[in-house]
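First up is the structure itself, then whatever we jot down about it.
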Amino acid sequence: MSEEKISPKVIRAIVGVGMLSFCGVVVETAMNITFPTLMTEFGINTSTVQWMTTIYLLVVASVVPLSAYLKRSFKTKSVFLAANLLFILGVLIDAIAPSFAILLFGRVVQGIGVGIALPLMFNIILDQVPMNKIGAMMGVGTLITAVAPAVGPTFGGLVTSNLGWRFIFVLLIPLLLVSLVLGVTSIEQKDEVAREKLDILSVIAILCAFIGLILGINNLADYDFLSLPVLGSLFVGIAGIVVLVKRSAQLTVPIVELSVLKNGKFTGHVIAFFLFQIVNLGMSFIILNYIQLVNHSSSTVAGLLVFPGAIICACFAPFSGRILDRLGAKKPIIFGVSMLVLALCLFSVFGRHLSNTWLMIFYIISMGGTGIAFGNIMTNGQKQVTLEE
C-alpha cells in the first residue's frame with residue numbers, strides 16, 4: 001500500500017509558521033551576545049540588561065499555555081496573522097528604540113507573538129500531516145527550538161560586530177514578511193471553531209506561576225535563597241500552580257488540560273523534554289560566556305564556534321524522525337540522550353581548562369544528541385495520549 005503524502009499546502013503552512021517561530025527563538029539568543037554593547041549604550045548594569053531575556057521568556061511562557069484556548073476559539077489563520085503582526089510590530093519597535101524601557105516594551109510585544117506561534121506550528125503538524133509522516137515532520141519542527149538557540153549567537157555576534165545590534169531586528173523583517181505570505185496563503189482550517197469564555201482566574205494563576213518561578217530563579221543571582229525576593233517569588237509561583245490545578249479540575253474545558261498528566265508515560269516524556277530544553281538553553285549561554293570570559297575570545301568567534309553544532313543538530317533532527325517512523329522511538333531517544341550525557345560528562349571533567357577547539361567538539365557531540373533525541377521525545381510523548389484523555 002502506498003504511503004500517504006503531505007500536501008504542498010500543508011508543507012508551506014508549516015514552513016510559514018516555522019519561520020516565525022525560528023525568528024522568535026533566534027532573536028532571544030542573539031540578543032544575549034549584545035549585553036555588553038547595550039550596557040554601554042544605555043548606561044545600565046548587568047542585572048538590568050538581563051531583563052532583555054527575562055521579560056521575553058516571562059511573556060512567552062505565560063502565553064504558550066493559552067494555545068489550546070486560542071485553537072478552539074479562533075481560526076488558525078487568524079491566530080497566525082495576529083502572532084506574525086505582533087512580532088513584526090515588536091521588531092520594528094526595538095529597531096528604533098530610543099531608550100532601554102522602549103526596548104523592553106518591544107520585547108514584550110515580540111514575546112506575545114512568539115508565545116502564540118510556537119504551539120501553532122506543532123498543532124498544524126499533528127492535525128494535518130499523515131500519521132506515517134508525523135515523526136519526520138515533528139523532527140523538522142523541533143529544529144526550531146533545538147537549533148535556533150545555537151544559530152542565534154552566531155547571527156547576533158556577526159551582525160553586532162559589522163552592522164550594529166539594531167540590525168538584528170532589521171534583518172528579521174524580510175523573513176517575517178515571507179512567513180506572513182506563506183501562512184496567509186496556505187493555512188487551512190481543519191477543526192470547527194466555537195468561541196469559548198476565557199477563564200480569568202486560570203489566566204491569573206498561569207501568570208503568577210511563571211512570573212513567580214522565573215523571577216525566583218532569576219533572583220538567585222543577586223539574593224540569598226532565604227531572602228524575600230527569592231522565596232517570596234517562588235511562593236507566588238507555587239501558589240499559582242496550586243490554584244491552576246484546582247481551578248482546572250473544576251472546569252469542563254480548562255485552559256490547560258492537566259488531567260492528561262495522570263498518564264505516567266506521557267508525563268515522563270514531558271519531563272524529559274523539559275530537561276532537554278533546560279540543558280540546551282543553559283549550554284548555549286554557558287558556552288558563549290566561557291569562550292568570551294574565560295578564553296578571552298570575541299563575540300564573533302564565540303558565535304562561529306557554536307555554529308557547527310547547530311548544523312549537526314539540523315542535519316540529525318529530520319533524519320532521526322525517519323528512524324522513529326521506521327524503527328520506533330526507543331533507539332533514537334536512547335542513543336541521543338547517551339550522546340548528550342557523554343558531552344555533559346566531558347564538559348564537567350575538563351571544564352576548568354578547555355580550548356576553543358575542544359569546546360566546539362564537545363558542543364557538537366551534545367547538539368548531535370539533541371538532534372537525534374529531542375524531537376522524538378515530543379513525538380513519542382504525543383503518541384502516549386489517547387483521544388479520551
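Convention: chains lettered A, B, ... in C-alpha cells order; per-chain residue numbering from 1; ligands numbered from 1 as shown.
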
Using only C-alpha atoms, find each residue in segment 169-205 of chain A having at least one atom no more than 12 Å away from segment 157-164 of chain A; report its shortest atom-to-atom pair and that distance in Å (one decimal), rows by chain then rising number, as a tab-separated table.
```
residue	atom	partner	partner_atom	distance
A:Phe169	CA	A:Val159	CA	10.0
A:Val170	CA	A:Gly164	CA	10.4
A:Leu171	CA	A:Val159	CA	9.1
A:Leu172	CA	A:Val159	CA	11.5
```

Writing out the chosen residues with C-alpha atoms as a PDB file, in the first residue's frame:
```pdb
ATOM      1  CA  PHE A 169      15.868  43.156  14.318  1.00  0.00           C
ATOM      2  CA  VAL A 170      16.026  44.808  10.902  1.00  0.00           C
ATOM      3  CA  LEU A 171      17.342  41.690   9.164  1.00  0.00           C
ATOM      4  CA  LEU A 172      14.474  39.604  10.544  1.00  0.00           C
TER       5      LEU A 172
END
```

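Note that the spacing between atom CA of Ile312 of chain A and atom CA of Gly368 of chain A amounts to 5.7 Å.
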
Any idea what's packed within 12 Å of segment 35-40 of chain A, counting only C-alpha atoms, ignoring anything in its chain fewer than 4 positions away? Could you give it as a PyMOL selection string? chain A and resi 28-31+44-53+97-100+103-104+153+156-157+160-161+164-166+289+292-293+298-299

Env of Met367 of chain A: 8 Å cut, atoms = only C-alpha atoms, seq-sep filter 4 positions within chain, self excluded. Answer as a list in words. Gly309, Ala310, Ile312, Cys313, Leu340, Tyr363 and Gly371 of chain A

All residues 9 Å or closer to segment 201-214 of chain A, only C-alpha atoms, same chain fewer than 3 positions away omitted, as number ranges by chain: A: 54, 57-59, 61-63, 65-66, 198, 217-219, 230, 232-245, 247-248, 254-256

Those same residues, written as a CSV table (one decimal), in the first residue's frame with N, CA, C and O atoms?
```csv
chain,number,residue,atom,x,y,z
A,54,THR,N,14.9,38.0,30.4
A,54,THR,CA,13.9,37.6,31.4
A,54,THR,C,12.5,37.9,31.0
A,54,THR,O,11.6,37.1,31.1
A,57,LEU,N,11.1,35.8,28.1
A,57,LEU,CA,10.8,34.4,28.5
A,57,LEU,C,9.5,34.4,29.3
A,57,LEU,O,8.7,33.5,29.2
A,58,LEU,N,9.4,35.4,30.2
A,58,LEU,CA,8.2,35.5,31.0
A,58,LEU,C,6.9,35.6,30.1
A,58,LEU,O,5.9,34.9,30.4
A,59,VAL,N,6.9,36.5,29.1
A,59,VAL,CA,5.8,36.7,28.3
A,59,VAL,C,5.5,35.4,27.5
A,59,VAL,O,4.4,34.9,27.4
A,61,ALA,N,6.4,32.3,28.1
A,61,ALA,CA,5.9,31.2,29.0
A,61,ALA,C,4.5,31.4,29.4
A,61,ALA,O,3.7,30.5,29.6
A,62,SER,N,4.1,32.7,29.6
A,62,SER,CA,2.7,33.0,30.0
A,62,SER,C,1.7,32.8,28.9
A,62,SER,O,0.5,32.5,29.1
A,63,VAL,N,2.1,33.0,27.6
A,63,VAL,CA,1.2,33.0,26.5
A,63,VAL,C,1.0,31.6,26.0
A,63,VAL,O,-0.1,31.2,25.6
A,65,PRO,N,0.6,28.6,27.3
A,65,PRO,CA,-0.5,27.8,27.8
A,65,PRO,C,-1.9,28.1,27.3
A,65,PRO,O,-2.8,27.3,27.4
A,66,LEU,N,-2.0,29.3,26.7
A,66,LEU,CA,-3.3,29.7,26.2
A,66,LEU,C,-3.5,29.1,24.8
A,66,LEU,O,-4.6,29.4,24.2
A,198,LEU,N,-13.1,32.9,28.2
A,198,LEU,CA,-11.8,32.7,28.8
A,198,LEU,C,-11.9,32.8,30.3
A,198,LEU,O,-12.4,33.8,30.9
A,217,ILE,N,13.9,32.1,40.5
A,217,ILE,CA,15.2,31.6,40.0
A,217,ILE,C,16.1,32.6,39.5
A,217,ILE,O,17.3,32.6,39.8
A,218,ASN,N,15.6,33.7,38.8
A,218,ASN,CA,16.5,34.8,38.4
A,218,ASN,C,17.1,35.5,39.5
A,218,ASN,O,18.2,36.0,39.4
A,219,ASN,N,16.3,35.7,40.6
A,219,ASN,CA,16.8,36.5,41.7
A,219,ASN,C,17.9,35.8,42.5
A,219,ASN,O,18.6,36.4,43.4
A,230,VAL,N,13.6,36.0,46.6
A,230,VAL,CA,13.7,34.6,46.1
A,230,VAL,C,12.6,33.8,46.6
A,230,VAL,O,11.7,33.2,45.8
A,232,GLY,N,9.9,34.7,48.3
A,232,GLY,CA,8.6,35.3,48.0
A,232,GLY,C,8.1,35.0,46.6
A,232,GLY,O,7.0,34.7,46.4
A,233,SER,N,9.0,35.1,45.7
A,233,SER,CA,8.7,34.9,44.3
A,233,SER,C,8.4,33.4,44.0
A,233,SER,O,7.4,33.1,43.3
A,234,LEU,N,9.2,32.5,44.6
A,234,LEU,CA,8.9,31.1,44.5
A,234,LEU,C,7.6,30.7,45.1
A,234,LEU,O,6.8,29.9,44.5
A,235,PHE,N,7.2,31.3,46.2
A,235,PHE,CA,5.9,31.1,46.9
A,235,PHE,C,4.8,31.5,46.0
A,235,PHE,O,3.8,30.8,45.8
A,236,VAL,N,4.9,32.7,45.3
A,236,VAL,CA,3.9,33.1,44.4
A,236,VAL,C,3.7,32.1,43.2
A,236,VAL,O,2.6,31.8,42.8
A,237,GLY,N,4.9,31.7,42.7
A,237,GLY,CA,4.8,30.7,41.6
A,237,GLY,C,4.2,29.4,42.0
A,237,GLY,O,3.3,28.9,41.2
A,238,ILE,N,4.5,28.9,43.2
A,238,ILE,CA,3.9,27.6,43.6
A,238,ILE,C,2.5,27.8,43.9
A,238,ILE,O,1.6,26.9,43.6
A,239,ALA,N,2.1,28.9,44.5
A,239,ALA,CA,0.7,29.2,44.7
A,239,ALA,C,-0.1,29.3,43.4
A,239,ALA,O,-1.3,28.8,43.3
A,240,GLY,N,0.5,29.8,42.4
A,240,GLY,CA,-0.2,29.9,41.1
A,240,GLY,C,-0.4,28.5,40.5
A,240,GLY,O,-1.5,28.3,40.0
A,241,ILE,N,0.6,27.6,40.7
A,241,ILE,CA,0.4,26.2,40.2
A,241,ILE,C,-0.7,25.5,40.9
A,241,ILE,O,-1.6,24.9,40.3
A,242,VAL,N,-0.8,25.7,42.3
A,242,VAL,CA,-1.8,25.1,43.1
A,242,VAL,C,-3.2,25.6,42.6
A,242,VAL,O,-4.2,24.8,42.5
A,243,VAL,N,-3.4,26.9,42.5
A,243,VAL,CA,-4.6,27.4,42.1
A,243,VAL,C,-5.0,26.9,40.7
A,243,VAL,O,-6.2,26.6,40.4
A,244,LEU,N,-4.0,26.9,39.8
A,244,LEU,CA,-4.3,26.4,38.4
A,244,LEU,C,-4.8,25.0,38.4
A,244,LEU,O,-5.8,24.6,37.7
A,245,VAL,N,-4.2,24.1,39.2
A,245,VAL,CA,-4.6,22.7,39.3
A,245,VAL,C,-6.0,22.6,39.8
A,245,VAL,O,-6.8,21.8,39.2
A,247,ARG,N,-8.4,24.9,39.9
A,247,ARG,CA,-9.3,25.5,39.0
A,247,ARG,C,-9.6,24.7,37.8
A,247,ARG,O,-10.7,24.5,37.3
A,248,SER,N,-8.5,24.1,37.3
A,248,SER,CA,-8.7,23.2,36.1
A,248,SER,C,-9.6,22.0,36.3
A,248,SER,O,-10.3,21.6,35.5
A,254,PRO,N,-10.9,23.2,30.7
A,254,PRO,CA,-9.9,24.1,31.2
A,254,PRO,C,-9.0,24.6,30.2
A,254,PRO,O,-8.8,24.1,29.1
A,255,ILE,N,-8.3,25.7,30.5
A,255,ILE,CA,-7.4,26.3,29.6
A,255,ILE,C,-6.2,25.3,29.3
A,255,ILE,O,-5.8,25.2,28.2
A,256,VAL,N,-5.7,24.7,30.4
A,256,VAL,CA,-4.7,23.7,30.3
A,256,VAL,C,-5.2,22.4,30.8
A,256,VAL,O,-5.7,22.3,32.0
```

For a quick check of understanding, using only C-alpha atoms, which of A:Gly141, A:Gly111, A:Pro308, A:Pro332 has the smallest distance to Asn376 of chain A? A:Pro332

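The coordinates place atom CA of Asp94 of chain A at 7.3 Å from atom CA of Arg107 of chain A.
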
With distances taken over only C-alpha atoms, which residue among A:Ser259, A:Ser320, A:Ser355, A:Gln189 lies nearest His296 of chain A? A:Ser355

List every residue of segment 246-325 of chain A that DSSP, applied to the backbone of this structure, places in alpha helix (DSSP H), and write the result as JSON, numbers by chain. {"A": [246, 247, 248, 249, 250, 264, 265, 266, 267, 268, 269, 270, 271, 272, 273, 274, 275, 276, 277, 278, 279, 280, 281, 282, 283, 284, 285, 286, 287, 288, 289, 299, 300, 301, 302, 303, 304, 305, 306, 307, 308, 309, 310, 311, 312, 313, 314, 315, 316, 317, 318, 319, 320, 321, 322, 323, 324, 325]}
